[in-house]
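structure.txt (compact mmCIF, C-alpha atoms and all ligand atoms)
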```txt
# COMPACT_ATOMS: atom_id res chain seq x y z
CA MET A 1 0.00 0.00 0.00
CA ALA A 2 1.25 3.46 -0.83
CA LYS A 3 2.36 5.66 2.06
CA HIS A 4 -0.48 7.63 3.72
CA TRP A 5 -3.26 5.63 2.10
CA SER A 6 -5.64 3.60 4.22
CA GLU A 7 -6.61 1.46 1.25
CA PRO A 8 -5.35 1.12 -2.30
CA VAL A 9 -6.48 3.97 -4.52
CA THR A 10 -7.97 1.42 -6.91
CA THR A 11 -10.47 0.30 -4.27
CA ALA A 12 -11.00 3.74 -2.75
CA LEU A 13 -12.08 5.21 -6.08
CA ARG A 14 -13.43 2.28 -8.08
CA ALA A 15 -16.90 3.00 -9.44
CA ASP A 16 -19.34 0.78 -7.59
CA GLY A 17 -22.76 2.29 -8.06
CA GLN A 18 -22.16 5.56 -6.21
CA ASN A 19 -24.88 8.11 -6.78
CA VAL A 20 -23.19 10.83 -8.78
CA ALA A 21 -25.62 13.50 -7.56
CA ASP A 22 -24.79 12.70 -3.90
CA LEU A 23 -21.04 12.51 -4.31
CA ASP A 24 -18.96 14.49 -1.80
CA THR A 25 -16.69 16.17 -4.31
CA SER A 26 -14.50 17.60 -1.53
CA ALA A 27 -13.68 14.16 -0.11
CA THR A 28 -10.22 12.61 -0.34
CA PRO A 29 -11.05 8.89 -0.33
CA GLY A 30 -8.37 6.58 1.04
CA PHE A 31 -5.86 9.34 1.76
CA THR A 32 -4.96 9.88 5.39
CA GLY A 33 -2.73 12.93 4.99
CA ASP A 34 -3.49 16.64 4.58
CA LYS A 35 -2.83 19.02 1.72
CA ARG A 36 0.79 19.66 2.68
CA ARG A 37 1.54 15.96 2.90
CA GLY A 38 -0.33 15.37 -0.34
CA LYS A 39 1.76 17.91 -2.20
CA GLU A 40 5.00 16.49 -0.80
CA LEU A 41 3.95 13.02 -1.81
CA LEU A 42 3.05 14.09 -5.31
CA ALA A 43 6.68 14.98 -5.98
CA GLU A 44 7.91 11.72 -4.47
CA ARG A 45 5.40 9.52 -6.26
CA GLY A 46 5.87 11.42 -9.50
CA GLN A 47 9.42 10.09 -9.46
CA VAL A 48 8.18 6.53 -8.99
CA LEU A 49 5.79 7.04 -11.89
CA SER A 50 8.56 8.44 -14.02
CA ASP A 51 10.80 5.41 -13.39
CA LEU A 52 7.98 3.00 -14.26
CA GLN A 53 7.18 4.96 -17.39
CA GLU A 54 10.80 4.71 -18.50
CA LYS A 55 10.57 0.93 -18.17
CA LEU A 56 7.44 0.93 -20.31
CA PHE A 57 9.20 3.06 -22.90
CA ALA A 58 12.23 0.75 -22.93
CA HIS A 59 9.88 -2.20 -23.28
CA GLY A 60 8.25 -0.59 -26.32
CA ARG A 61 11.63 0.20 -27.84
CA THR A 62 12.69 -3.43 -27.59
CA GLY A 63 9.66 -5.01 -29.25
CA GLY A 64 7.23 -5.08 -26.31
CA HIS A 65 3.56 -4.51 -27.06
CA ARG A 66 2.18 -3.10 -23.82
CA SER A 67 0.86 0.41 -23.30
CA VAL A 68 -1.34 2.36 -20.90
CA LEU A 69 -4.34 4.52 -21.75
CA LEU A 70 -5.58 7.11 -19.28
CA VAL A 71 -9.06 8.39 -20.14
CA LEU A 72 -9.96 11.68 -18.43
CA GLN A 73 -13.55 12.83 -18.34
CA GLY A 74 -15.09 15.66 -16.36
CA MET A 75 -17.19 18.77 -16.63
CA ASP A 76 -15.50 22.05 -17.55
CA THR A 77 -13.07 23.19 -14.82
CA ALA A 78 -12.92 19.69 -13.30
CA GLY A 79 -9.14 19.85 -13.63
CA LYS A 80 -8.28 17.63 -16.58
CA GLY A 81 -5.68 20.11 -17.75
CA GLY A 82 -4.05 20.15 -14.33
CA ILE A 83 -3.74 16.36 -14.39
CA VAL A 84 -2.03 16.55 -17.74
CA ARG A 85 0.40 19.24 -16.54
CA HIS A 86 1.14 18.00 -13.05
CA VAL A 87 0.88 14.22 -13.36
CA ILE A 88 1.74 13.49 -16.93
CA GLY A 89 4.18 16.40 -16.81
CA SER A 90 6.33 14.45 -14.38
CA VAL A 91 7.22 11.81 -16.96
CA ASP A 92 9.41 11.96 -20.05
CA PRO A 93 7.37 13.64 -22.81
CA GLN A 94 8.64 11.26 -25.48
CA GLY A 95 6.79 8.45 -23.72
CA VAL A 96 3.44 10.24 -23.64
CA ASP A 97 0.86 10.63 -26.37
CA HIS A 98 -1.66 13.28 -25.36
CA ALA A 99 -4.89 13.57 -27.35
CA SER A 100 -7.72 16.00 -26.67
CA PHE A 101 -11.10 15.59 -28.29
CA GLY A 102 -13.21 18.66 -28.93
CA VAL A 103 -16.21 19.27 -31.16
CA PRO A 104 -15.77 16.84 -34.08
CA THR A 105 -14.64 18.25 -37.40
CA GLU A 106 -16.65 17.82 -40.61
CA GLU A 107 -14.40 14.96 -41.59
CA GLU A 108 -14.73 13.25 -38.21
CA LEU A 109 -18.51 13.52 -38.36
CA GLN A 110 -18.51 11.55 -41.58
CA HIS A 111 -17.13 8.52 -39.78
CA ASP A 112 -18.39 6.51 -36.86
CA PHE A 113 -17.72 8.07 -33.45
CA LEU A 114 -14.79 5.76 -32.67
CA TRP A 115 -12.91 6.61 -35.87
CA ARG A 116 -11.01 9.59 -34.46
CA ILE A 117 -10.42 7.74 -31.20
CA ARG A 118 -8.82 4.69 -32.81
CA LYS A 119 -6.35 6.92 -34.59
CA ARG A 120 -5.03 8.22 -31.27
CA LEU A 121 -4.62 4.97 -29.36
CA PRO A 122 -1.18 4.79 -27.73
CA ALA A 123 1.61 3.02 -29.56
CA HIS A 124 3.55 0.24 -27.83
CA GLY A 125 5.52 1.54 -24.86
CA GLN A 126 3.51 4.75 -24.62
CA ILE A 127 1.18 6.24 -22.05
CA GLY A 128 -1.76 7.62 -23.99
CA VAL A 129 -3.82 10.35 -22.34
CA PHE A 130 -7.30 11.13 -23.61
CA ASP A 131 -8.40 14.59 -22.50
CA ARG A 132 -12.10 13.95 -23.15
CA SER A 133 -12.77 10.92 -25.27
CA HIS A 134 -15.36 8.69 -26.95
CA TYR A 135 -17.43 9.22 -23.79
CA GLU A 136 -18.39 12.69 -25.06
CA ASP A 137 -20.54 10.76 -27.50
CA VAL A 138 -22.74 9.59 -24.64
CA LEU A 139 -22.39 12.83 -22.62
CA VAL A 140 -22.65 16.14 -24.49
CA VAL A 141 -24.19 14.33 -27.46
CA ARG A 142 -26.86 12.78 -25.28
CA VAL A 143 -27.54 15.86 -23.13
CA HIS A 144 -27.95 18.10 -26.18
CA GLU A 145 -29.62 15.45 -28.31
CA LEU A 146 -27.07 15.95 -31.06
CA VAL A 147 -28.14 12.55 -32.36
CA PRO A 148 -31.36 10.69 -31.53
CA GLN A 149 -31.44 8.22 -28.64
CA SER A 150 -31.66 5.34 -31.12
CA GLU A 151 -28.14 6.33 -32.15
CA TRP A 152 -26.46 7.09 -28.82
CA GLU A 153 -28.06 4.27 -26.85
CA PRO A 154 -26.16 1.46 -28.66
CA ARG A 155 -22.90 3.30 -28.06
CA TYR A 156 -22.46 1.93 -24.54
CA ASP A 157 -22.18 -1.59 -25.94
CA LEU A 158 -20.04 -0.42 -28.84
CA ILE A 159 -17.70 1.29 -26.38
CA ASN A 160 -17.42 -1.85 -24.26
CA ALA A 161 -16.60 -3.95 -27.30
CA PHE A 162 -14.07 -1.39 -28.48
CA GLU A 163 -12.34 -1.20 -25.09
CA ARG A 164 -12.24 -4.99 -24.84
CA GLU A 165 -10.44 -5.06 -28.16
CA VAL A 166 -7.98 -2.38 -27.03
CA ALA A 167 -7.32 -4.20 -23.75
CA ASP A 168 -6.81 -7.47 -25.59
CA THR A 169 -4.03 -5.95 -27.65
CA GLY A 170 -2.04 -5.21 -24.50
CA THR A 171 -3.22 -1.78 -23.37
CA VAL A 172 -4.09 -1.23 -19.72
CA ILE A 173 -7.05 1.13 -19.64
CA VAL A 174 -7.65 3.47 -16.69
CA LYS A 175 -10.74 5.64 -16.87
CA VAL A 176 -11.14 8.57 -14.51
CA ALA A 177 -14.34 10.57 -14.11
CA MET A 178 -13.58 13.83 -12.28
CA PHE A 179 -16.29 15.55 -10.32
CA VAL A 180 -16.41 19.05 -8.84
CA SER A 181 -19.44 20.58 -7.15
CA LEU A 182 -21.55 23.17 -8.91
CA ASP A 183 -20.27 25.73 -6.37
CA GLU A 184 -16.65 24.81 -6.95
CA GLN A 185 -17.21 25.11 -10.68
CA LYS A 186 -18.66 28.58 -10.16
CA ARG A 187 -15.60 29.57 -8.12
CA ARG A 188 -13.24 28.29 -10.82
CA LEU A 189 -15.17 30.02 -13.60
CA ARG A 190 -15.16 33.25 -11.60
CA GLU A 191 -11.41 32.97 -11.26
CA ARG A 192 -11.15 32.66 -15.04
CA LEU A 193 -13.10 35.91 -15.35
CA GLU A 194 -11.15 37.75 -12.69
CA ARG A 195 -7.65 36.86 -13.79
CA PRO A 196 -6.31 38.03 -17.14
CA ASP A 197 -3.94 35.06 -17.19
CA LYS A 198 -6.99 32.80 -17.12
CA TYR A 199 -9.20 34.53 -19.70
CA TRP A 200 -7.93 32.17 -22.38
CA LYS A 201 -9.49 29.25 -20.52
CA PHE A 202 -12.91 30.86 -20.37
CA ASN A 203 -15.64 29.98 -22.79
CA PRO A 204 -19.05 31.69 -22.41
CA SER A 205 -20.75 28.39 -23.23
CA ASP A 206 -19.31 26.96 -19.98
CA ILE A 207 -21.87 29.11 -18.13
CA SER A 208 -24.76 27.95 -20.33
CA GLU A 209 -23.76 24.34 -19.71
CA ARG A 210 -24.31 24.80 -15.97
CA ALA A 211 -28.05 24.78 -16.60
CA TYR A 212 -27.69 21.19 -17.83
CA TRP A 213 -25.91 19.94 -14.69
CA PRO A 214 -28.65 17.44 -13.69
CA GLU A 215 -28.77 16.04 -17.22
CA TYR A 216 -25.01 15.62 -17.22
CA GLN A 217 -25.16 13.91 -13.84
CA LYS A 218 -27.71 11.47 -15.21
CA ALA A 219 -25.56 10.85 -18.28
CA TYR A 220 -22.53 10.21 -16.05
CA GLN A 221 -24.55 7.91 -13.83
CA ASP A 222 -25.57 5.75 -16.80
CA LEU A 223 -22.13 5.78 -18.31
CA LEU A 224 -20.60 4.57 -15.05
CA ALA A 225 -23.23 1.86 -14.72
CA ARG A 226 -22.91 0.64 -18.29
CA THR A 227 -19.22 0.88 -19.15
CA ASN A 228 -17.51 -0.05 -15.87
CA THR A 229 -15.82 -3.30 -16.84
CA GLU A 230 -12.98 -5.39 -15.45
CA TYR A 231 -10.89 -4.72 -18.54
CA ALA A 232 -11.61 -0.97 -18.54
CA PRO A 233 -12.61 0.12 -15.03
CA TRP A 234 -13.95 3.52 -14.09
CA TYR A 235 -12.62 5.46 -11.13
CA VAL A 236 -14.80 8.15 -9.60
CA LEU A 237 -12.58 11.02 -8.53
CA PRO A 238 -13.78 13.82 -6.22
CA ALA A 239 -11.86 16.76 -7.65
CA ASP A 240 -12.62 19.86 -5.56
CA HIS A 241 -9.12 19.45 -4.08
CA LYS A 242 -6.72 19.66 -6.97
CA TRP A 243 -3.81 18.30 -4.93
CA TYR A 244 -5.81 15.18 -4.11
CA ALA A 245 -6.98 14.63 -7.69
CA ARG A 246 -3.40 14.84 -8.94
CA LEU A 247 -2.03 12.54 -6.29
CA ALA A 248 -4.82 9.99 -6.84
CA VAL A 249 -4.27 9.86 -10.61
CA THR A 250 -0.54 9.48 -10.02
CA GLU A 251 -1.28 6.47 -7.81
CA LEU A 252 -3.71 5.03 -10.38
CA LEU A 253 -1.04 5.23 -13.06
CA ILE A 254 1.60 3.74 -10.76
CA ASP A 255 -0.80 0.88 -10.13
CA ALA A 256 -1.51 0.39 -13.86
CA LEU A 257 2.17 0.37 -14.75
CA SER A 258 3.00 -1.94 -11.85
CA THR A 259 0.50 -4.53 -13.06
CA LEU A 260 2.54 -4.79 -16.25
CA ASP A 261 5.38 -6.08 -14.08
CA LEU A 262 8.00 -4.97 -16.55
CA ASP A 263 11.73 -5.54 -16.19
CA TRP A 264 14.50 -3.61 -17.85
CA PRO A 265 15.10 -5.21 -21.24
CA PRO A 266 18.15 -7.49 -21.16
CA ALA A 267 21.19 -6.54 -23.22
CA ASP A 268 21.13 -7.99 -26.72
CA PHE A 269 24.94 -7.75 -26.83
CA ASP A 270 27.76 -9.26 -24.80
CA VAL A 271 28.27 -6.72 -21.99
CA ASP A 272 31.79 -7.91 -21.08
CA GLU A 273 32.90 -7.82 -24.64
CA GLN A 274 31.57 -4.29 -25.09
CA LEU A 275 33.30 -3.18 -21.87
CA ARG A 276 36.56 -4.61 -23.17
CA ARG A 277 36.14 -2.82 -26.47
CA LEU A 278 35.37 0.39 -24.64
CA ASP A 279 38.50 0.09 -22.51
CA GLU A 280 40.56 -0.46 -25.59
CA SER A 281 39.06 2.41 -27.49
P1 LIG B 301 -11.80 22.00 -23.11
O1 LIG B 301 -13.14 22.59 -22.81
O2 LIG B 301 -11.69 20.59 -22.64
O3 LIG B 301 -10.67 22.87 -22.70
P2 LIG B 301 -12.32 22.57 -25.87
O4 LIG B 301 -12.43 24.01 -25.65
O5 LIG B 301 -11.68 22.04 -27.11
O6 LIG B 301 -11.61 21.84 -24.68
O7 LIG B 301 -13.82 22.00 -25.75
C1 LIG B 301 -14.16 20.78 -25.99
C2 LIG B 301 -15.65 20.83 -26.29
O8 LIG B 301 -15.91 19.87 -27.29
C3 LIG B 301 -16.48 20.48 -25.08
O9 LIG B 301 -17.52 21.38 -24.92
C4 LIG B 301 -17.02 19.10 -25.44
O10 LIG B 301 -18.27 18.83 -24.88
C5 LIG B 301 -17.07 19.19 -26.95
N1 LIG B 301 -17.06 17.86 -27.56
C6 LIG B 301 -16.13 16.89 -27.40
N2 LIG B 301 -16.48 15.79 -28.08
C7 LIG B 301 -17.66 16.07 -28.68
C8 LIG B 301 -18.51 15.32 -29.51
N3 LIG B 301 -18.24 14.06 -29.85
N4 LIG B 301 -19.63 15.92 -29.96
C9 LIG B 301 -19.90 17.19 -29.61
N5 LIG B 301 -19.14 17.95 -28.83
C10 LIG B 301 -18.02 17.39 -28.36
```
What would the structure in this file look like if it were written as C-alpha cells?
Ligand code: ADP
Amino acid sequence: MAKHWSEPVTTALRADGQNVADLDTSATPGFTGDKRRGKELLAERGQVLSDLQEKLFAHGRTGGHRSVLLVLQGMDTAGKGGIVRHVIGSVDPQGVDHASFGVPTEEELQHDFLWRIRKRLPAHGQIGVFDRSHYEDVLVVRVHELVPQSEWEPRYDLINAFEREVADTGTVIVKVAMFVSLDEQKRRLRERLERPDKYWKFNPSDISERAYWPEYQKAYQDLLARTNTEYAPWYVLPADHKWYARLAVTELLIDALSTLDLDWPPADFDVDEQLRRLDES
C-alpha cells in the first residue's frame, strides 16, 4: 500500500454504483494525509511514476507490445488540464501521447464516433492520455440530443466492445471521471473571469452548460453503470481538491504500470565484450 493511504487507490475510487448526484466532491477517499503531505507526496510519487514509465518506454523500444491509456472525463473546470500538466508532466514527454477531443470536425462527423479515437490509441511503450474521449458521444451528445437516442443508446455496448479489443491488444485502460461541485465550478469560472492570465481558458458556453448539470449527472450515472468493466474500469474522482486529484491519478497510473510487471530489457549484446572494447578504445 502506498504511504499515507488507508486502502489502495484502486479500491478507494473504483466505481461501484455511487450516486453521482450525492457525491462528496471535496472528499479525499483513502488518503490519510493533509494538503501539505499530499503535495509532498506528489513529488515523491511522480518520481516513482517516471521510473515506471521509462521501463514501459524501454519495453516498447525493444519489441514489447504493452501500453497504458488514461481516459480523463469531467465537466468544464474539473481539472483535466491540471492532471495533464502536473501528473503526466512528471514523466518523459517522449513516452506520452496526449490527445484532446473537442467538437468533431466535418471529416470526423462523416465517420463513426470511434474513428477519431482509434487513430489516437497509444503506440507500444507509450502512455496515452485522452483529455475527453469517446465518452463525449454519450455525454454532451446525449444531453444536447445531437443525435437521436436510437443512435447514442447502442454506443455503450459499442464502447465496451471497443475497449475490450484495445485491452486485448495489450493496453491497460484506466478511466477517470472527475467531479467538482456546482459551487466549486462557479468559483473556478469566476477565477477565469477575474484573472487576465486565465481569460484564455474561459468559454461563455461553460456558463450555459451549468443549466444542464442534472442532465449531465444522469448521463454520467448511466455511463458509469454501463461501461464499468474489469478490462476498462472507471474510477470516480472527487476533484474539488486539486492536490488530491493529482495525487490519486498518479497512484492510479503507478498501479496500472506496476500490473505490467516490466523488467528492464536485457542486453542484446555481450556486456563484457563491449566493456573490453570500450577500454581499448
Ligand atoms: P476544453 O473545454 O476541454 O478545454 P475545448 O475548448 O476544445 O476543450 O472544448 C471541448 C468541447 O468539445 C467540449 O464542450 C465538449 O463537450 C465538446 N465535444 C467533445 N467531443 C464532442 C462530440 N463528440 N460531440 C460534440 N461535442 C463534443
Extract, using only C-alpha atoms, all DNA, RNA and protein residues at most 9 Å from region 140-144 of chain A, discarding same-chain residues fewer than 4 positions from it, and format them as a compact mmCIF listing (two decimals) with C-alpha atoms, keeping the file's coordinate frame.
```
# COMPACT_ATOMS: atom_id res chain seq x y z
CA TYR A 135 -17.43 9.22 -23.79
CA GLU A 136 -18.39 12.69 -25.06
CA PRO A 148 -31.36 10.69 -31.53
CA GLN A 149 -31.44 8.22 -28.64
CA TRP A 152 -26.46 7.09 -28.82
CA GLU A 153 -28.06 4.27 -26.85
CA TYR A 212 -27.69 21.19 -17.83
CA GLU A 215 -28.77 16.04 -17.22
CA TYR A 216 -25.01 15.62 -17.22
CA ALA A 219 -25.56 10.85 -18.28
```
Item to complete: Return as a PyMOL selection string every polymer residue, whether protein, DNA or RNA, with at least one atom no more than 9 Å from an atom of ligand LIG 301 (chain B); count only C-alpha atoms and all ligand atoms.
Response: chain A and resi 74-77+80-81+100-104+109+113+131-141+144+146+201-203+205-206+209
Saved selection, atoms kept: C-alpha atoms, as an mmCIF file, in the coordinates of the input:
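Contents of part.cif, as written:
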```
data_model
loop_
_atom_site.group_PDB
_atom_site.id
_atom_site.type_symbol
_atom_site.label_atom_id
_atom_site.label_comp_id
_atom_site.auth_asym_id
_atom_site.auth_seq_id
_atom_site.Cartn_x
_atom_site.Cartn_y
_atom_site.Cartn_z
ATOM 1 C CA GLY A 74 -15.090 15.660 -16.360
ATOM 2 C CA MET A 75 -17.190 18.770 -16.630
ATOM 3 C CA ASP A 76 -15.500 22.050 -17.550
ATOM 4 C CA THR A 77 -13.070 23.190 -14.820
ATOM 5 C CA LYS A 80 -8.280 17.630 -16.580
ATOM 6 C CA GLY A 81 -5.680 20.110 -17.750
ATOM 7 C CA SER A 100 -7.720 16.000 -26.670
ATOM 8 C CA PHE A 101 -11.100 15.590 -28.290
ATOM 9 C CA GLY A 102 -13.210 18.660 -28.930
ATOM 10 C CA VAL A 103 -16.210 19.270 -31.160
ATOM 11 C CA PRO A 104 -15.770 16.840 -34.080
ATOM 12 C CA LEU A 109 -18.510 13.520 -38.360
ATOM 13 C CA PHE A 113 -17.720 8.070 -33.450
ATOM 14 C CA ASP A 131 -8.400 14.590 -22.500
ATOM 15 C CA ARG A 132 -12.100 13.950 -23.150
ATOM 16 C CA SER A 133 -12.770 10.920 -25.270
ATOM 17 C CA HIS A 134 -15.360 8.690 -26.950
ATOM 18 C CA TYR A 135 -17.430 9.220 -23.790
ATOM 19 C CA GLU A 136 -18.390 12.690 -25.060
ATOM 20 C CA ASP A 137 -20.540 10.760 -27.500
ATOM 21 C CA VAL A 138 -22.740 9.590 -24.640
ATOM 22 C CA LEU A 139 -22.390 12.830 -22.620
ATOM 23 C CA VAL A 140 -22.650 16.140 -24.490
ATOM 24 C CA VAL A 141 -24.190 14.330 -27.460
ATOM 25 C CA HIS A 144 -27.950 18.100 -26.180
ATOM 26 C CA LEU A 146 -27.070 15.950 -31.060
ATOM 27 C CA LYS A 201 -9.490 29.250 -20.520
ATOM 28 C CA PHE A 202 -12.910 30.860 -20.370
ATOM 29 C CA ASN A 203 -15.640 29.980 -22.790
ATOM 30 C CA SER A 205 -20.750 28.390 -23.230
ATOM 31 C CA ASP A 206 -19.310 26.960 -19.980
ATOM 32 C CA GLU A 209 -23.760 24.340 -19.710
#
```
Practice prompt. Kindly indicate which residue among A:Ser258, A:Val9, A:Tyr156, A:Arg66 lies nearest to Asn228 (chain A), using only C-alpha atoms for the distances.
Written response: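 When distances to Asn228 (chain A) are compared using only C-alpha atoms, the smallest one comes from A:Tyr156.
Taking CA of Glu165 (chain A) as the reference point, CA of Gly95 (chain A) is found at 22.3 Å.
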Fill in: 6 Å contact set for His124 (chain A), all atoms listed in the file, chain neighbours under 6 positions out, as a list in words
Gly60, His65, Arg66 and Ser67 of chain A
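Between CA of Thr259 (chain A) and CA of Thr25 (chain A) there is a distance of 28.3 Å.
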Applying 9 Å and all atoms listed in the file, which residues near region 169-177 of chain A remain after dropping the ones on its own chain fewer than 2 positions away? List them as a CSV table (one decimal) with C-alpha atoms, in the coordinates of the input.
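result.csv, written as the output of this step:
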```csv
chain,number,residue,atom,x,y,z
A,65,HIS,CA,3.6,-4.5,-27.1
A,66,ARG,CA,2.2,-3.1,-23.8
A,67,SER,CA,0.9,0.4,-23.3
A,68,VAL,CA,-1.3,2.4,-20.9
A,69,LEU,CA,-4.3,4.5,-21.8
A,70,LEU,CA,-5.6,7.1,-19.3
A,71,VAL,CA,-9.1,8.4,-20.1
A,72,LEU,CA,-10.0,11.7,-18.4
A,73,GLN,CA,-13.6,12.8,-18.3
A,74,GLY,CA,-15.1,15.7,-16.4
A,122,PRO,CA,-1.2,4.8,-27.7
A,124,HIS,CA,3.6,0.2,-27.8
A,163,GLU,CA,-12.3,-1.2,-25.1
A,164,ARG,CA,-12.2,-5.0,-24.8
A,165,GLU,CA,-10.4,-5.1,-28.2
A,166,VAL,CA,-8.0,-2.4,-27.0
A,167,ALA,CA,-7.3,-4.2,-23.8
A,179,PHE,CA,-16.3,15.6,-10.3
A,220,TYR,CA,-22.5,10.2,-16.0
A,224,LEU,CA,-20.6,4.6,-15.0
A,228,ASN,CA,-17.5,0.0,-15.9
A,231,TYR,CA,-10.9,-4.7,-18.5
A,232,ALA,CA,-11.6,-1.0,-18.5
A,233,PRO,CA,-12.6,0.1,-15.0
A,234,TRP,CA,-14.0,3.5,-14.1
A,235,TYR,CA,-12.6,5.5,-11.1
A,236,VAL,CA,-14.8,8.2,-9.6
A,237,LEU,CA,-12.6,11.0,-8.5
A,238,PRO,CA,-13.8,13.8,-6.2
A,249,VAL,CA,-4.3,9.9,-10.6
A,252,LEU,CA,-3.7,5.0,-10.4
A,253,LEU,CA,-1.0,5.2,-13.1
A,256,ALA,CA,-1.5,0.4,-13.9
A,257,LEU,CA,2.2,0.4,-14.8
A,259,THR,CA,0.5,-4.5,-13.1
A,260,LEU,CA,2.5,-4.8,-16.2
```
Worksheet item: Out of A:Gly30, A:Arg210, A:Glu54, A:Leu42, which residue has the shortest atom-to-atom distance to Pro265 (chain A) when counting all atoms listed in the file?
Response: A:Glu54
Worksheet item: Using only C-alpha atoms, which of the listed residues (A:Phe57, A:Trp5, A:Phe269, A:Tyr199) sits closest to Thr32 (chain A)?
Response: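 Of A:Phe57, A:Trp5, A:Phe269, A:Tyr199, the one nearest Thr32 (chain A), counting only C-alpha atoms, is A:Trp5.
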Fill in: Which residue of A:Ala27, A:Ile159, A:Val84, A:Arg14 approaches Ile117 (chain A) most closely, using only C-alpha atoms
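Answer, going by the shortest atom-to-atom distance: A:Ile159.
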Worksheet item: What is the distance, in Å and to one decimal place, between CA of Val91 (chain A) and CA of Lys3 (chain A)?
Response: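 Atom-to-atom, CA of Val91 (chain A) to CA of Lys3 (chain A), that is 20.6 Å.
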Discussion item. Quick one: residues within 10 Å of His241 (chain A), all atoms listed in the file, excluding same-chain residues fewer than 6 positions away - as a ChimeraX atom specification?
Written reply: /A:25-28,35,78-79,180,184
Practice prompt. Tell me which of A:Leu114, A:Val48, A:Ala58, A:Ile254 sits closest to Leu158 (chain A), counting all atoms listed in the file.
Written response: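 Among the listed residues, A:Leu114 lies closest to Leu158 (chain A).
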Practice prompt. Identify which of the residues A:Val271, A:Ile207, A:Ala225, A:Ala43 lies closest to Arg190 (chain A), counting all atoms listed in the file when measuring atom-to-atom distances.
Written response: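 Residue with the minimum atom-to-atom distance to Arg190 (chain A): A:Ile207.
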